[in-house]
Amino acid sequence: MAWVAEYHLAAAVSNAGGLGLIGTASAPAEWVREQIREAKKLTDKPFGINIMMISPYADEVAKVAVEEGVAVVTTGAGSPEKYIKMWKEAGIKVIPVVASVAMAKRMQRCGADALVAEGTEAGGHIGENTTMVLVPQVVDAVEIPVIAAGGIADGRGIAAAFMLGAEGVQIGTRFVVTEEAQVHENYKECILKARDIDSRVTGRSTGHPVRALRNKMTKEYLEKEQAGATFEELEHLTLGGLRRAVVDGDVQSGSVMAGQIAGMIKEKLTCQEVIQKLVSQTDELIGGKGFYE
Amino acid sequence: MGRMPDGMVNSRKENKIMLEKVKEIVAESLNVEESTLSETTSFKEDLGADSLDLFEMVMAFEEAFEVEIHLKT
């Protein structure tokens with residue numbers, strides 16, 4: 001999660017027993033290096049970084065992962081295949097996010113250790129297929145472990161993911177509303193107040209669909225998109241929007257990215273509380289049934 | 001529809017056969033009529049293909065021509 005998943009959150013998640021991830025988005029290599037070093041001061045547990053393939057800094061950030069010794073690299077927005085050899089030689093676990101079966105097969109062939117199959121329920125940049133249909137088809141297509149993502153925020157979602165064949169889950173929106181997330185209170189409030197029907201997808205016409213909570217910006221965007229606005233006109237509405245929402249708290253004209261599951265999230269917790277709750281809810285449903293140790 | 005990988009030199013006849021095979025694969029992948037495809041058809045602009053479609057087609061080409069195609073991103 002760009003701007004949201006920085007070292008405080010990542011370290012808190014890892015300390016609580018999860019695998020924290022730092023979302024590097026379009027940040028330059030030196031920012032990423034700093035984030036990794038700061039995270040290591042807060043946790044000695046493994047954590048990872050997520051690298052966006054379309055970042056202009058992807059090459060350098062890929063090298064920083066090796067230089068600073070992160071345990072895991074996850075990737076989005078394209079194929080990471082040209083970096084996989086370098087990462088694996090450095091002992092890094094490589095986990096690309098995939099949105100289709102063909103991509104999953106390709107990533108396995110290129111040496112991925114595991115995959116994240118992320119459904120369209122997720123917040124931010126999304127694919128077309130739902131978690132419900134994507135996960136089992138990806139599971140059928142590959143031998144490496146599949147981590148389900150998109151629409152999961154409680155034990156039922158986790159249990160469902162395991163039913164679909166996943167061996168792990170990736171969770172975003174739920175962790176935005178935590179004490180440790182360095183996110184403006186307005187943003188967290190939006191998620192807390194959101195109902196099930198409150199997310200909108202902008203940018204379907206540009207080939208880069210993004211899910212965010214509806215607000216003044218999404219309304220204007222969708223009206224313009226419907227009327228046939230150009231890519232530049234539309235981009236103008238969203239450029240810098242996530243930063244405005246996360247850092248400045250401008251949740252009216254900013255981009256309040258969140259998943260469809262935002263409607264389920266009703267309280268702010270610590271990362272420790274989130275993970276303990278998720279684990280005990282999942283245990284109650286499918287514990288001792290052979291899905292996990 | 002893209003250049004041939006470097007280092008491959010074919011006769012004109014082999015090129016024609018390859019193009020036919022490529023058109024067959026594209027038509028099947030994107031569910032379009034083969035007759036509407038030509039060497040200059042653009043995947044994105046003319047056929048509305050997205051990045052996931054590209055993955056499908058690249059893997060189909062790899063299988064059909066027994067080559068490895070490396071993607072930049």
# chains A, B, ... in the order shown; residues from 1 in each chain; ligands from 1
>>> select_by_dssp(residues="range 5-68 of chain B", states="helix (DSSP H, G or I)", output="count of residues only")
37
>>> residues_around(residues="range 14-23 of chain B", least_positions_apart="2", cutoff="9 Å", atoms="only C-alpha atoms", output="count of residues only")
16
>>> interface_residues(of="chain B", to="chain A", cutoff="10 Å", atoms="only C-alpha atoms", output="list in words")
Lys44, Gly48, Ala49, Asp50, Ser51, Leu52, Asp53, Leu54, Phe55, Glu56, Met57, Val58, Met59, Ala60, His70, Leu71, Lys72 and Thr73 of chain B
>>> write_last_selection(atoms="C-alpha atoms", output="mmCIF file, in the first residue's frame")
data_model
loop_
_atom_site.group_PDB
_atom_site.id
_atom_site.type_symbol
_atom_site.label_atom_id
_atom_site.label_comp_id
_atom_site.auth_asym_id
_atom_site.auth_seq_id
_atom_site.Cartn_x
_atom_site.Cartn_y
_atom_site.Cartn_z
ATOM 1 C CA LYS B 44 -3.743 -2.316 -27.613
ATOM 2 C CA GLY B 48 -8.197 -3.630 -26.922
ATOM 3 C CA ALA B 49 -5.762 -6.109 -25.377
ATOM 4 C CA ASP B 50 -4.542 -5.418 -21.861
ATOM 5 C CA SER B 51 -1.443 -6.556 -20.009
ATOM 6 C CA LEU B 52 -3.019 -9.838 -18.927
ATOM 7 C CA ASP B 53 -4.000 -10.623 -22.540
ATOM 8 C CA LEU B 54 -0.363 -10.046 -23.457
ATOM 9 C CA PHE B 55 0.765 -12.634 -20.924
ATOM 10 C CA GLU B 56 -1.615 -15.179 -22.406
ATOM 11 C CA MET B 57 -0.460 -14.550 -25.951
ATOM 12 C CA VAL B 58 3.248 -14.491 -25.135
ATOM 13 C CA MET B 59 2.916 -17.875 -23.436
ATOM 14 C CA ALA B 60 0.977 -19.247 -26.399
ATOM 15 C CA HIS B 70 11.710 -12.407 -22.137
ATOM 16 C CA LEU B 71 9.493 -9.608 -20.913
ATOM 17 C CA LYS B 72 10.949 -6.313 -19.728
ATOM 18 C CA THR B 73 8.120 -5.531 -17.281
#
>>> atom_distance(atom1="CA of Leu47 in chain B", atom2="CA of Thr120 in chain A")
23.1 Å
>>> residues_around(residues="Ala262 in chain A", least_positions_apart="5", cutoff="12 Å", atoms="only C-alpha atoms", output="ChimeraX atom specification")
/A:121-123,150-154,171-177,187-200,211-214,256-257,267
>>> write_last_selection(atoms="N, CA, C and O atoms", output="compact mmCIF listing (two decimals), in the first residue's frame")
# COMPACT_ATOMS: atom_id res chain seq x y z
N GLU A 121 -11.70 -7.38 -5.37
CA GLU A 121 -12.26 -6.77 -4.15
C GLU A 121 -11.27 -5.84 -3.47
O GLU A 121 -11.64 -5.05 -2.60
N ALA A 122 -9.99 -6.00 -3.84
CA ALA A 122 -8.93 -5.26 -3.16
C ALA A 122 -9.03 -3.76 -3.41
O ALA A 122 -9.71 -3.31 -4.32
N GLY A 123 -8.31 -3.00 -2.57
CA GLY A 123 -8.23 -1.56 -2.79
C GLY A 123 -7.06 -1.24 -3.70
O GLY A 123 -6.19 -2.07 -3.94
N GLY A 150 -7.54 -9.74 -1.27
CA GLY A 150 -8.69 -9.06 -1.83
C GLY A 150 -9.95 -9.46 -1.09
O GLY A 150 -10.43 -10.58 -1.25
N GLY A 151 -10.47 -8.57 -0.27
CA GLY A 151 -11.74 -8.82 0.40
C GLY A 151 -11.65 -9.59 1.69
O GLY A 151 -12.66 -10.11 2.18
N ILE A 152 -10.46 -9.67 2.29
CA ILE A 152 -10.30 -10.45 3.53
C ILE A 152 -10.04 -9.50 4.69
O ILE A 152 -9.11 -8.70 4.63
N ALA A 153 -10.83 -9.60 5.75
CA ALA A 153 -10.58 -8.76 6.92
C ALA A 153 -10.98 -9.44 8.22
O ALA A 153 -10.93 -8.83 9.28
N ASP A 154 -11.40 -10.71 8.13
CA ASP A 154 -11.71 -11.43 9.37
C ASP A 154 -11.47 -12.93 9.18
O ASP A 154 -11.06 -13.35 8.10
N ILE A 171 -3.45 -9.06 3.56
CA ILE A 171 -4.53 -8.18 4.02
C ILE A 171 -4.07 -6.74 4.00
O ILE A 171 -3.00 -6.42 4.52
N GLY A 172 -4.88 -5.87 3.42
CA GLY A 172 -4.49 -4.46 3.30
C GLY A 172 -5.37 -3.54 4.11
O GLY A 172 -4.95 -3.01 5.15
N THR A 173 -6.61 -3.36 3.65
CA THR A 173 -7.51 -2.37 4.24
C THR A 173 -7.62 -2.47 5.76
O THR A 173 -7.60 -1.46 6.47
N ARG A 174 -7.72 -3.67 6.29
CA ARG A 174 -7.84 -3.85 7.73
C ARG A 174 -6.67 -3.22 8.48
O ARG A 174 -6.82 -2.68 9.57
N PHE A 175 -5.47 -3.28 7.87
CA PHE A 175 -4.30 -2.74 8.56
C PHE A 175 -4.16 -1.23 8.43
O PHE A 175 -3.36 -0.62 9.13
N VAL A 176 -4.94 -0.62 7.55
CA VAL A 176 -4.89 0.84 7.45
C VAL A 176 -5.46 1.45 8.73
O VAL A 176 -5.01 2.47 9.22
N VAL A 177 -6.49 0.77 9.28
CA VAL A 177 -7.13 1.31 10.47
C VAL A 177 -6.52 0.70 11.72
O VAL A 177 -7.19 -0.03 12.48
N TYR A 187 -8.64 9.69 6.96
CA TYR A 187 -8.61 8.51 6.08
C TYR A 187 -9.15 7.29 6.83
O TYR A 187 -10.02 6.57 6.35
N LYS A 188 -8.60 7.11 8.05
CA LYS A 188 -9.05 5.97 8.86
C LYS A 188 -10.55 6.09 9.15
O LYS A 188 -11.28 5.09 9.08
N GLU A 189 -11.00 7.32 9.46
CA GLU A 189 -12.43 7.55 9.71
C GLU A 189 -13.27 7.14 8.51
O GLU A 189 -14.34 6.55 8.67
N CYS A 190 -12.82 7.47 7.32
CA CYS A 190 -13.56 7.12 6.10
C CYS A 190 -13.77 5.62 6.01
O CYS A 190 -14.86 5.15 5.67
N ILE A 191 -12.73 4.87 6.34
CA ILE A 191 -12.86 3.41 6.27
C ILE A 191 -13.82 2.93 7.35
O ILE A 191 -14.68 2.08 7.10
N LEU A 192 -13.69 3.49 8.55
CA LEU A 192 -14.58 3.08 9.64
C LEU A 192 -16.04 3.37 9.30
O LEU A 192 -16.93 2.59 9.63
N LYS A 193 -16.28 4.49 8.64
CA LYS A 193 -17.66 4.88 8.32
C LYS A 193 -18.19 4.19 7.07
O LYS A 193 -19.39 4.17 6.83
N ALA A 194 -17.30 3.63 6.26
CA ALA A 194 -17.72 3.08 4.97
C ALA A 194 -18.68 1.92 5.14
O ALA A 194 -18.54 1.08 6.03
N ARG A 195 -19.67 1.89 4.25
CA ARG A 195 -20.59 0.76 4.19
C ARG A 195 -20.14 -0.17 3.07
O ARG A 195 -19.23 0.17 2.32
N ASP A 196 -20.83 -1.28 2.91
CA ASP A 196 -20.44 -2.25 1.90
C ASP A 196 -20.47 -1.69 0.49
O ASP A 196 -19.74 -2.12 -0.38
N ILE A 197 -21.34 -0.71 0.23
CA ILE A 197 -21.52 -0.24 -1.15
C ILE A 197 -20.68 0.99 -1.48
O ILE A 197 -20.87 1.61 -2.52
N ASP A 198 -19.78 1.38 -0.59
CA ASP A 198 -19.12 2.67 -0.76
C ASP A 198 -17.84 2.72 -1.58
O ASP A 198 -17.23 3.77 -1.67
N SER A 199 -17.41 1.62 -2.18
CA SER A 199 -16.20 1.75 -2.99
C SER A 199 -16.57 1.98 -4.45
O SER A 199 -17.63 1.57 -4.91
N ARG A 200 -15.68 2.66 -5.16
CA ARG A 200 -15.89 2.96 -6.57
C ARG A 200 -14.62 2.62 -7.34
O ARG A 200 -13.52 2.75 -6.80
N ARG A 211 -9.50 1.07 -7.13
CA ARG A 211 -10.65 1.09 -6.22
C ARG A 211 -10.37 2.02 -5.06
O ARG A 211 -9.34 1.92 -4.38
N ALA A 212 -11.34 2.92 -4.81
CA ALA A 212 -11.23 3.86 -3.68
C ALA A 212 -12.62 4.12 -3.13
O ALA A 212 -13.62 3.82 -3.80
N LEU A 213 -12.70 4.67 -1.92
CA LEU A 213 -14.00 4.99 -1.34
C LEU A 213 -14.58 6.21 -2.07
O LEU A 213 -13.85 7.13 -2.43
N ARG A 214 -15.86 6.16 -2.27
CA ARG A 214 -16.46 7.24 -3.05
C ARG A 214 -16.43 8.56 -2.31
O ARG A 214 -16.62 8.64 -1.11
N VAL A 256 -9.04 8.01 -1.67
CA VAL A 256 -9.10 7.21 -0.44
C VAL A 256 -9.17 5.73 -0.81
O VAL A 256 -10.22 5.08 -0.71
N MET A 257 -8.02 5.22 -1.23
CA MET A 257 -8.01 3.84 -1.71
C MET A 257 -8.33 2.88 -0.58
O MET A 257 -7.81 3.00 0.54
N GLU A 267 -13.67 -0.85 13.85
CA GLU A 267 -12.91 -0.33 14.98
C GLU A 267 -11.43 -0.27 14.68
O GLU A 267 -10.89 -1.10 13.94
>>> atom_distance(atom1="CA of Gly290 in chain A", atom2="CA of Ala16 in chain A")
23.4 Å
